[in-house]
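Taking it in order: structure first as C-alpha cells, then the write-up.
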Amino acid sequence: MAQRSLSRFNMASLTLGLAFLYLPIVILVIYSFNASRLVTVWGGWSLVWYRELFNDSAMIEAAWMSLTVGATSATIATLLGTLAAVALSRGEGFRGRTLFSGMLYSPLVMPEVITGLSLLLLFVALDAERGFWTVVIAHTTLTMCFVAVVVQSRLGSLDRSLEEAAMDLGCDPVRAFLMVTLPLIIPAIVAGWMLAFTLSLDDLVIASFTTGPGSATLPIRIYSEVRLGVKPEINAICTLVIGLIAVVIVVASLASKLTSARGESAAPL
Amino acid sequence: MSGRRISTRRIFARPARFAAIVPYVWMVLFFLVPFGFVLKISLSQTAIARPPYIPVFDLTAGAAALKAAFASLSIDNFRLLVSDNLYVLSYLRSVVVALISTSILLLIGYPIAYGMARLPKRWQGVAMMLVIVPFWTSFLIRIYAWINILQHDGLLNRVLLMLHLVSQPVVWLSTDSAMYIGIVYSYLPFMILPLYATLSKMDTALEEAAADLGAGPGKVFWLVTFPLSLPGVGAGVLLCFIPIVGEFVIPDLLAGSNSLMIGQTLWLEFFMNKDWPVASACAIALLVLLIAPLLLYDRLQRRQLEAQ
C-alpha cells in the first residue's frame, strides 16, 4: 500500500515539472502588460503595447492570414481525416490499407523541414502560384492525421451494435452512418478541428516553405521580429494568441467531455 | 445471430472503404509524390535559374530522352555532403544534440510521469490536462518566452545576481545550454505522456509484492517498475528523438551560429544559398538517418494496437 501513496519525491517532481512548464508563459503574459519599453524593467500595468499592436498593419494582416488559413485547412483536414478514420476503423481490410495508414500517420513524426521542402518542390513543379492556397494544402496534409487519430479512437470505443441495429431496422449503411454514427462522433470531430486549427496557427517551418512573397502568416511575422530581439509588442501578440488557444482548449475539452458522457449513456444499450 | 452480425458489418464496410478514396488520393498527391520530387532534385545539378536547378527528366519527352536523362543523373550533391565538413559536422551535431536532449528529457520526464501515475485517480485527469495544454500553445511563443527569461538582463540573470550565485550576468542566449533548455521545455509533454500511459496502467500489486518480499525502494524500481515501463520509455524516446534531429526553430533562435544542425543547414542552403539540389540532398540524408527510428516507432505502435 505504501507504494500507491504519493511520496514527497513524487510531489516535488510534479510541482517542479509543472512550474517549469508554466512559469515562462506566465512571465511572458505578465510582461505584455508592462508600461516600460524595456522588457526587463517593470513600469506598472498598461495596455500600451496592445494599442501599438493594433496600429501595426503588417502584424494584423499576418494574423488575419493565419486565422483564415487555420480555419480553411482545419475544415478540409477534418473532412478528410474523418473519412480516413471511418475507412480505417470500419472498412475492414482493403487493398493498400498499410500504405494508406503509413502515409496518413507519418506526418506526425516527420521533421517539418522535410515536409515543407518536399511540398514546395511539388508546387514549383506544378507551377502553382504560392500563397494562401498552397499553405492551406500543406497544413491540411500535416493536420489530417491528428484529426484521424482523435476520430478513430472515438470510433473504436463506440458500440457497433448501434449502427448494426439501425441497419437491421432497414437503414442502408450510409443512412445508418449519418443518423447513428455521425451524431455520436461529432464531439470528437469538433475536438479534431480545434487541434488542426491550433497546429496550423502554430506552424512556422512548413508555412515558410510553402507561402509566397507578401503573404506571411503570423508565426513567420513573429519569427522575423523575434530574430531582431525582444519587443513588448511581441509579448502582446503572443498573449493574444495564448488567449485564443485557451478558448479553443476549453471548447475542445467540453466537446470531449460530451463524448465521454454520450459514450456512457450509449453503453447500456 | 453472430453470422448475421458479421454480414451486417461487411455491408457497412463496403461504403466505409469508399471513404478512403479522397484522403488516399490527397496523401499520395501531397505526401508521396513530393518525396519523389525531393529525390529527383537531389540528383540534379545546381543552376542559376528559376527554379535554380537543371531538370533531370521530363516525362513528356518520350522514352529515348528519359534514357538519356537517367544517364545524366548525378550523385554530386551527395558526394558534396560526404566530403564537405560543414555537412558532416551538422549531421553529427544533430544526432549528438538529439541524443543528449532525449536523455535529459527521459531523466526529467520519468519522475514527473511517475508522480502523475501515483496521484489519486480523479487528479490524474487534471494533471494530464496540465501537461497537454502547453503542447497546444504555440511552439514559437514558448521559445520566445525563454528568450525573455534568458536574455542578458533577463529574469534568470537578475535572480542569480540577487541570490549572489554569480557576480556578473551570465551569457545564456546563443549558447548550447539555452538550446537544450528550449528543446527540453518544448518536448517535455512528448516524453511525459507515453511514459504516463504505461506507468498508470501498471499493476501496483507487482511493486507491492516485490517490497513485501524484502526489496528496497531502489531495487523495486530497477527490477520491477522500470523494466515494465520500457514500452513507454521506447515510445517517449522515439517521439522526442525523431523530430529533434530535424529541429530548426529552437537551435536557430537559442543556440549560437558556430555549429549548425542538419535542419538549419537545409534551411540555409534553401533560403540563403538558393541551392535546391543540395537542400534536397540534405533532406534525403536526414530521412535516411531517421528510417531506423521511424520503423522502430511504427513497430512499437503496431504492437501496442495489437495488445489493445
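In the C-alpha cells, chains take letters A, B, ... by order of appearance, with residues numbered from 1 within each chain and ligands from 1 in the order shown.
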
Please report as CSV every residue of chain A lying within 7 Å of chain B, along with the nearest atom pair and their distance in Å (one decimal), using only C-alpha atoms.
residue,atom,partner,partner_atom,distance
A:Met1,CA,B:Glu208,CA,6.8
A:Gln3,CA,B:Glu208,CA,6.6
A:Arg4,CA,B:Arg118,CA,6.0
A:Ser5,CA,B:Arg118,CA,6.5
A:Leu6,CA,B:Arg118,CA,5.9
A:Asn10,CA,B:Gly115,CA,4.4
A:Met11,CA,B:Gly115,CA,6.5
A:Ser13,CA,B:Ile112,CA,5.4
A:Leu14,CA,B:Ile112,CA,5.1
A:Gly17,CA,B:Ile112,CA,6.3
A:Leu21,CA,B:Tyr185,CA,6.8
A:Pro24,CA,B:Ala145,CA,5.5
A:Ile25,CA,B:Ala145,CA,6.1
A:Leu28,CA,B:Ala145,CA,5.5
A:Thr40,CA,B:Gly154,CA,5.9
A:Leu80,CA,B:Pro23,CA,5.3
A:Leu83,CA,B:Ala19,CA,5.1
A:Ala84,CA,B:Ala20,CA,5.2
A:Val86,CA,B:Ala16,CA,6.1
A:Ala87,CA,B:Ala16,CA,4.9
A:Arg90,CA,B:Ala13,CA,5.5
A:Gly91,CA,B:Ala13,CA,4.3
A:Glu92,CA,B:Ala13,CA,6.2
A:Phe94,CA,B:Arg17,CA,7.0
A:Phe100,CA,B:Tyr24,CA,6.3
A:Met103,CA,B:Met27,CA,6.6
A:Leu104,CA,B:Met27,CA,6.8
A:Val109,CA,B:Pro243,CA,6.2
A:Met110,CA,B:Pro243,CA,6.7
A:Pro111,CA,B:Gly246,CA,5.1
A:Val113,CA,B:Gly263,CA,6.4
A:Ile114,CA,B:Ala283,CA,5.7
A:Ser118,CA,B:Pro34,CA,4.8
A:Leu119,CA,B:Pro34,CA,5.6
A:Leu121,CA,B:Phe37,CA,6.2
A:Leu122,CA,B:Pro34,CA,5.3
A:Thr141,CA,B:Phe30,CA,6.8
A:Glu164,CA,B:Thr8,CA,6.3
A:Pro173,CA,B:Phe12,CA,5.2
A:Thr198,CA,B:Trp136,CA,6.7
A:Asp202,CA,B:Ser138,CA,4.8
A:Arg227,CA,B:Leu253,CA,6.9
A:Val230,CA,B:Asn148,CA,6.6
A:Cys238,CA,B:Ile141,CA,6.1
A:Ile242,CA,B:Thr137,CA,6.3
A:Ile245,CA,B:Thr137,CA,6.6

From a backbone DSSP assignment, name each residue in segment 165-209 of chain B labelled alpha helix (DSSP H), as a ChimeraX atom specification. /B:176-201,204-209

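Of the listed residues (A:Arg221, A:Asp168, A:Asp127, A:Asn235), A:Arg221 comes nearest to Ser57 of chain A; the distances count only C-alpha atoms.
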
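Nearest residue to Val147 of chain A, choosing from A:Ile186, A:Met167, A:Ala77, A:Leu99 and counting only C-alpha atoms: A:Ala77.
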
Tell me, as a tab-separated table (two decimals) with C-alpha atoms, in the first residue's frame, which residues lie within 10 Å of Ala166 of chain A, counting only C-alpha atoms; anything in the same chain fewer than 2 positions away does not count.
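New file selection26.tsv:
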chain	number	residue	atom	x	y	z
A	161	SER	CA	-24.35	-2.75	-32.23
A	162	LEU	CA	-25.97	0.70	-32.53
A	163	GLU	CA	-25.22	1.06	-36.23
A	164	GLU	CA	-25.95	-2.63	-36.75
A	168	ASP	CA	-31.31	-4.39	-39.14
A	169	LEU	CA	-34.21	-1.97	-38.95
A	170	GLY	CA	-33.79	-1.19	-42.63
A	171	CYS	CA	-31.29	1.66	-42.88
A	172	ASP	CA	-28.76	1.41	-45.66
A	173	PRO	CA	-25.13	1.81	-44.47
A	175	ARG	CA	-28.04	6.35	-43.71
A	176	ALA	CA	-27.02	4.34	-40.64
A	177	PHE	CA	-23.74	6.25	-40.56
A	179	MET	CA	-28.22	9.04	-38.50
A	180	VAL	CA	-26.45	6.97	-35.83
A	181	THR	CA	-22.65	7.03	-36.02

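Counting from atom CA of Leu156 of chain B, the distance to atom CA of Arg51 of chain A is 28.7 Å.
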